[in-house]
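Peer 1: The structure that follows is given in the form of structure tokens.
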Amino acid sequence: MNLSSTEITIFLISISIILFFARGFGELLRFIKQPIVIGEIIAGIILGPTILGSLFPEIYNSIFKQYNSVAIALHGITILGIIMLLMMTGIEIDISVMIKQGRKSFLISLLGILCPFILGFFTAYFFPSQLGLADSGLHLVYSLFIGTALSVTALPVVARTLMELNIFKTEIGFSIITSAMLIDLTGWLIFSVLLGIIGKNQSNNFEIHEVILILAAFTLFVFLFLKKFIDKTLGFSKKYLSSPGAILNIIFILGFLGAAFTEFIGIHAIFGAFIIGIAIGDSVYITENIKEMINQLVTNIFAPLFFVSIGLRINFIQNFDFAFVCIFLSLSLIGKIIGTYSGAFLSGFNKNESLTVAFGLNAHGTIELVLGMVAYESGLISEKVFVALIIMALITTLTSAPLMSIFIKKSKMLLKLSDLLKPQNIIFTDVDKKEELIKQLCINICRINNKIDCEKLISRVIERENQMSTGLENHLAVPHARMNIQTPLAAIAIHKNGIDFNSLDNLPARLIILLITPENKPELQLELLSEIAVKFSNKNFIEELINCEDANELISKIKQLY
Amino acid sequence: MLFNKLGLAFTFSPNALALLKIAHRLQKLFQSELFIIHAGENSNEVHEKIIKVINEADIPDNSYEIIIQEGEASKIITNICEEKKIDLLISGALEKESLLKYYIGSVARKLMHEAPCSILVIVNPGNLLDSFKRFCVNVDYSQLNETAVKKAYEFAKLENAKEFVLVREFQIPGLAITIYDGGEADKAEKTRLEIQKEEEEKLKIFSDELGLTELEVKRVCLYGKQGWEIKQYAVNSNSDLLVLSSPQKKLKLFDKIFQHDIEFILNQLPCSLLIIRS
């Protein structure tokens, strides 16, 4: 069957309108520093039955409803969008990094899933009607779905927030991103089992245990054997075929085939795309460049079609139920925050760091929209529940970054020199021997931290100094040592006349920063030293610091650097 | 001394003679004891056959000890290393493995994972009777890694190496996905470049802190999958010895399915490999 010329025209116009509105509202939201996806949902609400359909039903019908074939074609494209979106999410999940992070991300994600899942499951199980269950035959599945819907975390939102807060490379940033990956992976595994069960209730003939077995076999086959084949195929394409075109081509072929397979066996296509995505992302031939190309294509063309299509299908005003929104929002906040907070706290983060982790992982974002859409399409949830889930996802996404930012500032993670300095750690001195100055700085640190063995500290710093001078350029010296401590410590001496430190430029040291770091964290020492070398490279700034008359002035000037 | 007791995992392979010569050269270089370990039938005949190859390699009679034991090769060699307090085990390289062998594990791979001491795996021993000239050393900033880099450096000095390269691999999981949802590719690239700069500065300080001043030290920071990038670098720069510190935890099957950094290298060695254990 072919589309008529009119149908093709309407189809192309509708796609153009969707993309135009998606981009327009997306950019508007970006302008006010909010996620573009919210703009895309708003575009859908405006173009759909909520606004356009109510105000100008004839225009709405002529574009989106008049031709059944156009509606089917649009639906096909949104399916492509959702499959690509899930494949892209899979590509970004790096299981080897998760394994490396080990206990921390395991604990955070375990409790971050279990807590909201249990809360959602039991609330839905014991109060099904209050949580919107329409078909009592799906009682158990529905409860499982609510549990899963409250557990998911949106990896892209988390990644963006980490970049904006500049904590990507920190221990806490690494824990958050790896936990988000693990939560995503587990959430999709649980959801795919649910989809299999729903599928059983609808059409196919698999029992629940069969669905789980098939899923496990498919996943194992992909990770044990297909992953190696994918890697070799991509290597071959890179070497012998036109690159990166051929690699992109193969990625999408594999993703679509995986999606087709899981759809065929009665689980939704998105699961296959997700698992194949993980296997593809593990290949050494998938560079950042290729990942970005995929991301650009998917997020600028196909994903907007999907997100706008949500609003095209549902009347948000008619289906808005304040009670549902409040219930889902409270359940999600309570479950997720308590779960991730406990996980982070038990794995060794302090109170504020744990809250940073908790709010970072609380963003449900686009993943929730995909999950809701699939559940809605399969008849598991009502329109009202779907709308409530969308609003819950948007609110948690919007609040994630600002809340994280508050707690990260409070968390005193001691990531930077400016975090370590206190007025009592600043001394103004005029001693004439390097060793004497080092002693003064060490005693200053020991006076505030009486657990440190001062003699040992002095001998370690001097021993390090004798090995090779720590005098840098522009009157700066950074004597340092490692000790058996938990968090780094610093003290600063200002020597107005200068003292010989065998500096690289032969100038006397006038700003001397003593840095003590934990013995078991060699990388932290390197990070702080390299930060000092970079931040204090300006000669005029060091002059300004040396001319400071009191400790508070010096600290506030240093804080300006950060 | 750098290594006080050397062990050589001896098999009757075409490379046996070349390996013995290398072991003897290193024995002289490190001024250490040499134990020639053979897992197989413990008979006079086998003993004599080994002596014959040793004589061919011109190793003086009083400078080695032969140990022969029957049983599973990797277990025997591991036990003897423990018993004799061997601190460097020398072994021939493993062949390229089939998928099945990859998951089950060969003798050489087991030794690389389980030997209680440092292990030197020689690729193409026949071509390497002179010395190691190009060292490529992995940096991960762990405490063990500091020891590994120092040992590699001392080794390179003894070998009078032409090139000593410190390679730091780094990666930012999730960075590419930040361009999703309105993120800009330029911003992601800028973040990556900033982190690259930080890594370069850290690597410089790392080598300064270790006082590596006698040989010229080249420093390279590579963005990408750990294990894979250094392997590619070793191939492209014609390195003849790649030095790593051993993984900090015991690797499990999971680390093979989702390859641990070291598995990329063990899978197909780019050149001879020295894994340093504490």
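If you're wondering about the labels, chains in the structure tokens are A, B, ... by order shown, residues count from 1 in each chain, ligands from 1 in order shown.
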Pick out the residues sitting within 9 Å of segment 516-522 of chain A, and hand them over as a list of chain:residue names; count only C-alpha atoms, and ignore anything fewer than 4 positions along from it in its own chain.
Peer 2: A:Leu457, A:Val461, A:Pro479, A:His480, A:Ala481, A:Arg482, A:Met483, A:Asn484, A:Ile485, A:Gln486, A:Thr487, A:Pro488, A:Leu489, A:Ala490, A:Ala491, A:Leu526, A:Glu527, A:Leu528, B:Tyr141, B:Ser142, B:Gln143, B:Glu146
Peer 1: Which residues are near Ile51 of chain B? Cut-off 12 Å, only C-alpha atoms, ignore same chain within fewer than 6 positions. Put them as a PyMOL selection string.
Peer 2: chain B and resi 10+12+16-17+20+36+38+44-45+57-61+64-67
Peer 1: Write a file of the selected residues as an mmCIF file, in the first residue's frame, keeping C-alpha atoms.
Peer 2:
```cif
data_model
loop_
_atom_site.group_PDB
_atom_site.id
_atom_site.type_symbol
_atom_site.label_atom_id
_atom_site.label_comp_id
_atom_site.auth_asym_id
_atom_site.auth_seq_id
_atom_site.Cartn_x
_atom_site.Cartn_y
_atom_site.Cartn_z
ATOM 1 C CA PHE B 10 60.669 -23.696 31.437
ATOM 2 C CA PHE B 12 60.339 -27.740 25.876
ATOM 3 C CA ALA B 16 63.175 -22.553 25.308
ATOM 4 C CA LEU B 17 66.782 -21.737 24.367
ATOM 5 C CA LEU B 20 67.034 -19.304 28.883
ATOM 6 C CA ILE B 36 64.608 -22.975 36.297
ATOM 7 C CA HIS B 38 59.671 -27.175 34.910
ATOM 8 C CA ASN B 44 66.601 -38.263 34.942
ATOM 9 C CA GLU B 45 65.847 -38.171 31.274
ATOM 10 C CA ALA B 57 72.556 -21.313 26.396
ATOM 11 C CA ASP B 58 76.045 -21.089 27.949
ATOM 12 C CA ILE B 59 74.811 -20.755 31.497
ATOM 13 C CA PRO B 60 77.554 -21.639 34.003
ATOM 14 C CA ASP B 61 76.817 -24.771 36.082
ATOM 15 C CA TYR B 64 71.158 -21.869 38.620
ATOM 16 C CA GLU B 65 68.926 -24.398 40.322
ATOM 17 C CA ILE B 66 66.559 -26.708 38.456
ATOM 18 C CA ILE B 67 63.225 -27.564 40.026
#
```
Peer 1: Distance limit 6 Å, atoms considered: only C-alpha atoms. Which chain A residues sit that close to chain B? Return them as a list in words.
Peer 2: Ile36, Ser96, Pro156, Ala159, Arg160, Glu292, Thr299, Glu523, Leu526 and Ser530 of chain A
Peer 1: Once you have the residues from the selection above, write them out as a PDB file, in the first residue's frame, restricted to C-alpha atoms.
Peer 2:
```
ATOM      1  CA  ILE A  36      15.076  20.994  26.434  1.00  0.00           C
ATOM      2  CA  SER A  96      33.524  -2.249  33.338  1.00  0.00           C
ATOM      3  CA  PRO A 156      21.629  12.070  30.750  1.00  0.00           C
ATOM      4  CA  ALA A 159      25.640  13.568  33.472  1.00  0.00           C
ATOM      5  CA  ARG A 160      24.661  17.129  32.535  1.00  0.00           C
ATOM      6  CA  GLU A 292      28.393  12.320  20.042  1.00  0.00           C
ATOM      7  CA  THR A 299      18.369  13.817  20.401  1.00  0.00           C
ATOM      8  CA  GLU A 523      46.133  10.807  43.356  1.00  0.00           C
ATOM      9  CA  LEU A 526      48.717  15.102  42.625  1.00  0.00           C
ATOM     10  CA  SER A 530      48.527  20.400  39.973  1.00  0.00           C
TER      11      SER A 530
END
```
Peer 1: Between A:Phe256, A:Phe127, A:Phe21, A:Phe345, which has the minimum distance to Phe307 of chain A (counting only C-alpha atoms)?
Peer 2: A:Phe21
Peer 1: Would you mind listing what lies within 8 Å of Phe121 of chain A as a PDB file with C-alpha atoms, in the first residue's frame, with only C-alpha atoms counted and same-chain residues fewer than 3 positions away left out?
Peer 2:
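Listing of result35.pdb after writing:
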```
ATOM      1  CA  PHE A 117      10.640  -0.040  44.543  1.00  0.00           C
ATOM      2  CA  ILE A 118       9.423  -1.540  47.812  1.00  0.00           C
ATOM      3  CA  ALA A 124       0.168   0.093  44.916  1.00  0.00           C
ATOM      4  CA  TYR A 125      -0.451  -3.444  46.189  1.00  0.00           C
ATOM      5  CA  SER A 143       2.311  -2.872  41.664  1.00  0.00           C
ATOM      6  CA  LEU A 144       5.595  -4.047  40.147  1.00  0.00           C
ATOM      7  CA  PHE A 145       5.349  -1.316  37.517  1.00  0.00           C
ATOM      8  CA  ILE A 146       4.755   1.440  40.096  1.00  0.00           C
ATOM      9  CA  GLY A 147       7.785   0.156  42.034  1.00  0.00           C
TER      10      GLY A 147
END
```
Peer 1: Provide the atom CA of Ile198 of chain A to atom CA of Ile390 of chain A distance in Å, to one decimal place.
Peer 2: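 Distance reported for this atom pair: 21.3 Å.
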Peer 1: Write out as a PDB file with C-alpha atoms, in the first residue's frame each polymer residue whose atoms come within 7 Å of segment 413-429 of chain A, counting only C-alpha atoms; drop sequence neighbours fewer than 2 positions from it.
Peer 2:
```pdb
ATOM      1  CA  SER A 411      29.511  18.927  51.784  1.00  0.00           C
ATOM      2  CA  VAL A 431      62.411  33.225  59.948  1.00  0.00           C
ATOM      3  CA  ASN A 444      50.490  25.158  63.033  1.00  0.00           C
ATOM      4  CA  ILE A 445      48.791  22.177  61.406  1.00  0.00           C
ATOM      5  CA  LEU A 489      45.262  19.712  55.333  1.00  0.00           C
ATOM      6  CA  ALA A 490      46.957  22.935  54.341  1.00  0.00           C
ATOM      7  CA  ALA A 491      48.693  25.895  55.919  1.00  0.00           C
ATOM      8  CA  ILE A 492      50.163  29.026  54.362  1.00  0.00           C
ATOM      9  CA  ALA A 493      53.118  31.144  55.366  1.00  0.00           C
ATOM     10  CA  ILE A 494      53.699  34.648  54.058  1.00  0.00           C
ATOM     11  CA  HIS A 495      57.350  35.678  54.195  1.00  0.00           C
ATOM     12  CA  LEU A 528      45.894  19.381  44.693  1.00  0.00           C
ATOM     13  CA  ALA A 551      44.569  36.001  57.123  1.00  0.00           C
ATOM     14  CA  ASN A 552      40.952  36.700  56.192  1.00  0.00           C
ATOM     15  CA  ILE A 555      41.718  33.593  52.146  1.00  0.00           C
ATOM     16  CA  ILE A 558      42.380  32.864  47.176  1.00  0.00           C
ATOM     17  CA  LYS A 559      38.678  32.016  47.058  1.00  0.00           C
TER      18      LYS A 559
END
```
Peer 1: Hey, what's within 10 Å of Leu29 of chain B if we count only C-alpha atoms and toss same-chain stuff fewer than 3 positions away? As an MDAnalysis selection string, please?
Peer 2: chainID B and resid 1:3 23:26 32 155 158:159
Peer 1: Residues near Phe501 of chain A, anyone? I mean within 10 Å using only C-alpha atoms, not counting same-chain ones fewer than 4 positions away, as a list in words.
Peer 2: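 Counting only C-alpha atoms, the residues come to Lys433, Lys434, Glu435, Glu465, Ser469, Thr470, Gly471, Leu472, His475, Leu476, Ala477, Val478, Pro479, Asn506, Leu507, Pro508, Ala509, Arg510 and Ile512 of chain A.
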Peer 1: For atom CA of Thr397 of chain A and atom CA of Asp184 of chain A, determine how far apart the two atoms are, in Å to one decimal place.
Peer 2: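 Interatomic distance, atom CA of Thr397 of chain A to atom CA of Asp184 of chain A: 15.2 Å.
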Peer 1: Please indicate the distance in Å from atom CA of Cys81 of chain B to atom CA of His47 of chain B, rounded to one decimal place.
Peer 2: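 Distance between the two atoms: 19.5 Å.
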Peer 1: Which residues, written as a VMD selection string, have at least one atom at most 7 Å from segment 216-229 of chain A, with only C-alpha atoms counted and residues fewer than 3 positions away on the same chain left out?
Peer 2: (chain A and resid 212 to 213 232 to 233 275 279 to 280) or (chain B and resid 257)
Peer 1: Compare B:Asn79, B:Thr213, B:Gln31, B:Ser118 by their minimum atom-to-atom distance to Ile276 of chain B, counting only C-alpha atoms, and give me the closest one.
Peer 2: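 Between B:Asn79, B:Thr213, B:Gln31, B:Ser118, the residue approaching Ile276 of chain B most closely is B:Ser118.
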Peer 1: As a ChimeraX atom specification, list the residues of segment 33-236 of chain B assigned to alpha helix (DSSP H) by DSSP on the backbone atoms of this structure.
Peer 2: /B:44-56,73-83,99-104,107-114,143-159,185-209,228-236
Peer 1: Give the strand (DSSP E or B) residues of segment 15-185 of chain B, as DSSP finds them on the backbone, and put them as number ranges by chain.
Peer 2: B: 33-39, 65-69, 88-92, 118-122, 134-139, 163-170
Peer 1: When you count only C-alpha atoms, which of these residues is closest to Lys84 of chain B: B:Glu33, B:Glu56, B:Glu114, B:Glu48?
Peer 2: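 Answer, going by the shortest atom-to-atom distance: B:Glu33.
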